[in-house]
Structures are given as structure tokens and as C-alpha cells.
file model13.csv (CSV, N, CA and C atoms)
chain,number,residue,atom,x,y,z
A,2,GLY,N,0.8,-1.2,0.0
A,2,GLY,CA,0.0,0.0,0.0
A,2,GLY,C,0.9,1.2,0.0
A,3,THR,N,0.3,2.2,-0.6
A,3,THR,CA,0.9,3.5,-0.7
A,3,THR,C,0.0,4.6,-0.1
A,4,VAL,N,0.6,5.4,0.7
A,4,VAL,CA,-0.1,6.5,1.3
A,4,VAL,C,-0.1,7.7,0.4
A,5,VAL,N,-1.3,8.3,0.1
A,5,VAL,CA,-1.3,9.5,-0.7
A,5,VAL,C,-2.1,10.5,0.0
A,6,ARG,N,-1.9,11.8,-0.4
A,6,ARG,CA,-2.6,12.9,0.2
A,6,ARG,C,-4.0,12.9,-0.3
A,7,VAL,N,-5.0,13.3,0.5
A,7,VAL,CA,-6.4,13.4,0.1
A,7,VAL,C,-6.5,14.4,-1.0
A,8,GLY,N,-7.1,14.1,-2.1
A,8,GLY,CA,-7.3,15.0,-3.2
A,8,GLY,C,-6.1,15.0,-4.1
A,9,HIS,N,-5.0,14.4,-3.8
A,9,HIS,CA,-3.8,14.4,-4.7
A,9,HIS,C,-4.1,13.8,-6.0
A,10,GLY,N,-4.1,14.6,-7.0
A,10,GLY,CA,-4.3,14.1,-8.4
A,10,GLY,C,-5.8,14.0,-8.7
A,11,LEU,N,-6.7,14.3,-7.8
A,11,LEU,CA,-8.1,14.2,-8.1
A,11,LEU,C,-8.7,15.6,-8.4
A,12,GLU,N,-9.5,15.6,-9.4
A,12,GLU,CA,-10.2,16.9,-9.7
A,12,GLU,C,-11.6,16.7,-9.4
A,13,LEU,N,-12.0,16.8,-8.1
A,13,LEU,CA,-13.3,16.6,-7.7
A,13,LEU,C,-13.8,17.9,-7.0
A,14,PRO,N,-14.7,18.6,-7.8
A,14,PRO,CA,-15.2,19.9,-7.3
A,14,PRO,C,-16.3,19.8,-6.3
A,15,ALA,N,-16.1,19.2,-5.1
A,15,ALA,CA,-17.1,18.9,-4.2
A,15,ALA,C,-17.8,20.1,-3.7
A,16,ASP,N,-17.1,21.2,-3.5
A,16,ASP,CA,-17.8,22.5,-3.1
A,16,ASP,C,-18.8,23.0,-4.1
A,17,GLU,N,-18.4,22.8,-5.4
A,17,GLU,CA,-19.3,23.2,-6.4
A,17,GLU,C,-20.5,22.3,-6.5
A,18,TRP,N,-20.3,21.0,-6.2
A,18,TRP,CA,-21.5,20.1,-6.2
A,18,TRP,C,-22.4,20.4,-5.0
A,19,ALA,N,-21.9,20.7,-3.9
A,19,ALA,CA,-22.7,21.1,-2.7
A,19,ALA,C,-23.5,22.4,-3.0
A,20,ALA,N,-22.8,23.3,-3.7
A,20,ALA,CA,-23.5,24.6,-4.0
A,20,ALA,C,-24.6,24.3,-5.0
A,21,ALA,N,-24.4,23.5,-6.0
A,21,ALA,CA,-25.4,23.1,-7.0
A,21,ALA,C,-26.6,22.5,-6.4
A,22,LEU,N,-26.4,21.6,-5.4
A,22,LEU,CA,-27.5,20.9,-4.7
A,22,LEU,C,-28.3,22.0,-3.9
A,23,ALA,N,-27.6,22.9,-3.3
A,23,ALA,CA,-28.3,23.9,-2.5
A,23,ALA,C,-29.1,24.8,-3.4
A,24,GLU,N,-28.5,25.2,-4.6
A,24,GLU,CA,-29.2,26.0,-5.5
A,24,GLU,C,-30.4,25.4,-6.1
A,25,ALA,N,-30.4,24.0,-6.2
A,25,ALA,CA,-31.5,23.3,-6.8
A,25,ALA,C,-32.7,23.4,-5.9
A,26,GLY,N,-32.5,23.6,-4.6
A,26,GLY,CA,-33.6,23.7,-3.7
A,26,GLY,C,-34.3,22.4,-3.5
A,27,GLY,N,-35.4,22.4,-2.8
A,27,GLY,CA,-36.2,21.2,-2.5
A,27,GLY,C,-35.5,20.2,-1.7
A,28,GLU,N,-35.7,19.0,-2.1
A,28,GLU,CA,-35.2,17.8,-1.2
A,28,GLU,C,-33.9,17.2,-1.6
A,29,LEU,N,-33.3,17.7,-2.7
A,29,LEU,CA,-32.0,17.0,-3.2
A,29,LEU,C,-30.9,17.1,-2.2
A,30,LEU,N,-30.6,18.3,-1.6
A,30,LEU,CA,-29.5,18.4,-0.7
A,30,LEU,C,-29.7,17.5,0.6
A,31,PRO,N,-30.9,17.6,1.3
A,31,PRO,CA,-31.0,16.8,2.4
A,31,PRO,C,-31.0,15.3,2.1
A,32,THR,N,-31.5,14.9,0.9
A,32,THR,CA,-31.5,13.5,0.5
A,32,THR,C,-30.1,13.0,0.3
A,33,VAL,N,-29.3,13.8,-0.4
A,33,VAL,CA,-27.9,13.4,-0.7
A,33,VAL,C,-27.1,13.3,0.6
A,34,ARG,N,-27.3,14.3,1.5
A,34,ARG,CA,-26.6,14.3,2.8
A,34,ARG,C,-27.0,13.0,3.6
A,35,ALA,N,-28.3,12.7,3.6
A,35,ALA,CA,-28.7,11.5,4.4
A,35,ALA,C,-28.2,10.2,3.7
A,36,TYR,N,-28.2,10.2,2.4
A,36,TYR,CA,-27.7,9.0,1.7
A,36,TYR,C,-26.2,8.8,2.0
A,37,LEU,N,-25.4,9.8,2.0
A,37,LEU,CA,-24.0,9.7,2.3
A,37,LEU,C,-23.8,9.3,3.8
A,38,LYS,N,-24.6,9.9,4.6
A,38,LYS,CA,-24.6,9.6,6.1
A,38,LYS,C,-24.8,8.1,6.3
A,39,HIS,N,-25.7,7.6,5.6
A,39,HIS,CA,-26.1,6.1,5.8
A,39,HIS,C,-25.3,5.2,4.8
A,40,ARG,N,-24.3,5.8,4.2
A,40,ARG,CA,-23.4,5.0,3.3
A,40,ARG,C,-24.1,4.3,2.2
A,41,GLY,N,-25.0,4.9,1.6
A,41,GLY,CA,-25.7,4.4,0.4
A,41,GLY,C,-26.8,3.4,0.7
A,42,HIS,N,-27.2,3.3,1.9
A,42,HIS,CA,-28.3,2.3,2.3
A,42,HIS,C,-29.6,3.0,2.1
A,43,TRP,N,-30.4,2.5,1.1
A,43,TRP,CA,-31.7,3.1,0.7
A,43,TRP,C,-32.7,3.1,1.9
A,44,GLU,N,-32.8,2.0,2.6
A,44,GLU,CA,-33.8,1.8,3.6
A,44,GLU,C,-33.5,2.8,4.8
A,45,ALA,N,-32.2,2.8,5.2
A,45,ALA,CA,-31.9,3.7,6.3
A,45,ALA,C,-32.1,5.2,5.9
A,46,THR,N,-31.7,5.5,4.7
A,46,THR,CA,-31.9,6.9,4.2
A,46,THR,C,-33.4,7.3,4.2
A,47,ALA,N,-34.2,6.3,3.7
A,47,ALA,CA,-35.7,6.6,3.7
A,47,ALA,C,-36.3,6.8,5.1
A,48,ARG,N,-35.8,5.9,6.0
A,48,ARG,CA,-36.3,6.1,7.4
A,48,ARG,C,-35.9,7.4,8.0
A,49,ASP,N,-34.7,7.8,7.7
A,49,ASP,CA,-34.2,9.1,8.2
A,49,ASP,C,-35.0,10.2,7.7
A,50,LEU,N,-35.4,10.2,6.4
A,50,LEU,CA,-36.1,11.3,5.8
A,50,LEU,C,-37.6,11.1,5.9
A,51,GLY,N,-38.1,10.0,6.4
A,51,GLY,CA,-39.5,9.8,6.5
A,51,GLY,C,-40.2,9.6,5.2
A,52,VAL,N,-39.5,9.0,4.2
A,52,VAL,CA,-40.1,8.8,2.9
A,52,VAL,C,-39.9,7.3,2.4
A,53,HIS,N,-40.5,7.0,1.4
A,53,HIS,CA,-40.4,5.6,0.8
A,53,HIS,C,-39.0,5.5,0.1
A,54,ARG,N,-38.5,4.3,0.1
A,54,ARG,CA,-37.1,4.1,-0.5
A,54,ARG,C,-37.1,4.5,-2.0
A,55,ASN,N,-38.3,4.3,-2.7
A,55,ASN,CA,-38.3,4.7,-4.1
A,55,ASN,C,-38.2,6.2,-4.3
A,56,SER,N,-38.7,6.9,-3.3
A,56,SER,CA,-38.5,8.4,-3.4
A,56,SER,C,-37.0,8.8,-3.3
A,57,VAL,N,-36.3,8.0,-2.4
A,57,VAL,CA,-34.9,8.3,-2.2
A,57,VAL,C,-34.2,7.9,-3.5
A,58,ARG,N,-34.5,6.8,-4.1
A,58,ARG,CA,-33.9,6.4,-5.4
A,58,ARG,C,-34.1,7.5,-6.5
A,59,HIS,N,-35.3,8.0,-6.6
A,59,HIS,CA,-35.7,9.0,-7.6
A,59,HIS,C,-34.9,10.3,-7.3
A,60,ARG,N,-34.8,10.7,-6.1
A,60,ARG,CA,-34.1,11.9,-5.8
A,60,ARG,C,-32.6,11.8,-6.1
A,61,MET,N,-32.1,10.6,-5.7
A,61,MET,CA,-30.6,10.4,-5.9
A,61,MET,C,-30.3,10.3,-7.4
A,62,THR,N,-31.2,9.8,-8.2
A,62,THR,CA,-31.0,9.8,-9.7
A,62,THR,C,-31.0,11.2,-10.2
A,63,ARG,N,-32.0,12.0,-9.7
A,63,ARG,CA,-32.0,13.4,-10.1
A,63,ARG,C,-30.7,14.2,-9.7
A,64,ALA,N,-30.3,13.9,-8.5
A,64,ALA,CA,-29.1,14.6,-8.0
A,64,ALA,C,-27.9,14.2,-8.8
A,65,GLY,N,-27.8,12.9,-9.1
A,65,GLY,CA,-26.6,12.4,-9.9
A,65,GLY,C,-26.6,13.0,-11.3
A,66,GLU,N,-27.8,13.1,-11.9
A,66,GLU,CA,-27.9,13.7,-13.2
A,66,GLU,C,-27.5,15.2,-13.2
A,67,LEU,N,-28.0,15.9,-12.1
A,67,LEU,CA,-27.7,17.3,-12.0
A,67,LEU,C,-26.2,17.5,-11.9
A,68,LEU,N,-25.5,16.7,-11.1
A,68,LEU,CA,-24.1,16.9,-10.9
A,68,LEU,C,-23.2,16.1,-11.8
A,69,GLY,N,-23.8,15.1,-12.5
A,69,GLY,CA,-23.0,14.3,-13.4
A,69,GLY,C,-22.0,13.4,-12.7
A,70,VAL,N,-22.4,12.9,-11.5
A,70,VAL,CA,-21.6,12.0,-10.7
A,70,VAL,C,-22.3,10.7,-10.3
A,71,ASP,N,-21.5,9.8,-9.9
A,71,ASP,CA,-22.0,8.5,-9.4
A,71,ASP,C,-21.7,8.5,-7.9
A,72,PHE,N,-22.7,8.5,-7.1
A,72,PHE,CA,-22.6,8.6,-5.6
A,72,PHE,C,-22.0,7.4,-5.0
A,73,ASP,N,-21.9,6.3,-5.8
A,73,ASP,CA,-21.3,5.1,-5.3
A,73,ASP,C,-19.8,5.0,-5.5
A,74,ASP,N,-19.3,6.0,-6.2
A,74,ASP,CA,-17.9,6.2,-6.3
A,74,ASP,C,-17.3,6.7,-5.0
A,75,PRO,N,-16.4,5.9,-4.4
A,75,PRO,CA,-16.0,6.3,-3.0
A,75,PRO,C,-15.3,7.7,-3.0
A,76,ASP,N,-14.6,8.0,-4.1
A,76,ASP,CA,-13.9,9.3,-4.1
A,76,ASP,C,-15.0,10.5,-4.1
A,77,VAL,N,-16.0,10.3,-4.9
A,77,VAL,CA,-17.1,11.3,-5.0
A,77,VAL,C,-17.8,11.4,-3.7
A,78,ALA,N,-18.1,10.2,-3.1
A,78,ALA,CA,-18.9,10.2,-1.8
A,78,ALA,C,-18.1,10.8,-0.7
A,79,ALA,N,-16.8,10.5,-0.6
A,79,ALA,CA,-16.0,11.0,0.5
A,79,ALA,C,-15.8,12.6,0.4
A,80,HIS,N,-15.5,13.0,-0.8
A,80,HIS,CA,-15.3,14.5,-1.0
A,80,HIS,C,-16.6,15.3,-0.8
A,81,LEU,N,-17.7,14.7,-1.3
A,81,LEU,CA,-18.9,15.4,-1.2
A,81,LEU,C,-19.4,15.4,0.3
A,82,TRP,N,-19.2,14.3,0.9
A,82,TRP,CA,-19.6,14.2,2.4
A,82,TRP,C,-18.8,15.3,3.2
A,83,LEU,N,-17.5,15.4,2.9
A,83,LEU,CA,-16.7,16.4,3.6
A,83,LEU,C,-17.2,17.9,3.3
A,84,ALA,N,-17.5,18.1,2.0
A,84,ALA,CA,-18.0,19.4,1.6
A,84,ALA,C,-19.3,19.7,2.3
A,85,LEU,N,-20.2,18.7,2.4
A,85,LEU,CA,-21.5,19.0,3.1
A,85,LEU,C,-21.4,19.1,4.6
A,86,ARG,N,-20.4,18.6,5.2
A,86,ARG,CA,-20.2,18.7,6.6
A,86,ARG,C,-19.7,20.1,7.1
A,87,THR,N,-19.1,20.9,6.2
A,87,THR,CA,-18.6,22.1,6.6
A,87,THR,C,-19.6,23.2,6.6

call {"tool": "encode", "arguments": {"input": "model13.csv", "output": "C-alpha cells"}}
result
Amino acid sequence: GTVVRVGHGLELPADEWAAALAEAGGELLPTVRAYLKHRGHWEATARDLGVHRNSVRHRMTRAGELLGVDFDDPDVAAHLWLALRT
């Protein structure tokens, strides 16, 4: 194993993604935040938000299309989670 600095060689504009989710308004930002908090578990995210898991899937699809990212990519998830925590 090699140790690398976080973000070294990665072009991931997580702050821009967080801003785009905030600008989109509605439920996208809280849904993405809950999804990342629950590490991609649909059921836990749905319970946290008080909605059906299919609503979570629909919102995550919309958010992914808006940002052009895959939330299951660990680099995307980690950087966006940190951006949303600040």
C-alpha cells in the first residue's frame, strides 16, 4: 500500500457540487446528505427522511444527473460528504 494525500491528483469539485445541490432547492440536498450519512443504504436513508425508498432512489437519480456524478464512487462520496459537513 501507498499513502497518498487526500485530493492528490483528483479533480473533484465537491464544493461546487454542494452549491449546485443547495441552488437546486427542494429535497435534493437533504437527501444526498442522508444518503451519504447512511453510506448508500436506501432503507436507512428513507427512514431518516420519512419517505419511501423509491422516493430516495428517484431523488438520488435526479441529483446524480444534476451533478454528473456516481454517488457510489468512493472518491465522489468522500469528497462530497466532507463538503456537506462544513

call {"tool": "select_by_dssp", "arguments": {"input": "model13.csv", "residues": "chain A", "states": "alpha helix (DSSP H)", "output": "VMD selection string"}}
result
chain A and resid 15 to 25 29 to 38 43 to 50 54 to 68 75 to 86

call {"tool": "atom_distance", "arguments": {"input": "model13.csv", "atom1": "atom C of Leu68 (chain A)", "atom2": "atom C of Leu22 (chain A)"}}
result
11.1 Å

call {"tool": "atom_distance", "arguments": {"input": "model13.csv", "atom1": "CA of Arg34 (chain A)", "atom2": "CA of His59 (chain A)"}}
result
14.8 Å

call {"tool": "residues_around", "arguments": {"input": "model13.csv", "residues": "region 36-38 of chain A", "least_positions_apart": "5", "cutoff": "6.5 Å", "atoms": "only N, CA and C atoms", "output": "PyMOL selection string"}}
result
chain A and resi 31+46+82

call {"tool": "atom_distance", "arguments": {"input": "model13.csv", "atom1": "atom N of Thr32 (chain A)", "atom2": "atom N of Val70 (chain A)"}}
result
15.5 Å

call {"tool": "closest_residue", "arguments": {"input": "model13.csv", "among": "A:Leu67, A:Met61, A:Ala20, A:Ala84", "to": "Val33 (chain A)", "atoms": "all atoms listed in the file"}}
result
A:Met61

call {"tool": "closest_residue", "arguments": {"input": "model13.csv", "among": "A:Gly26, A:Leu81, A:Phe72, A:Leu13", "to": "His42 (chain A)", "atoms": "only C-alpha atoms"}}
result
A:Phe72
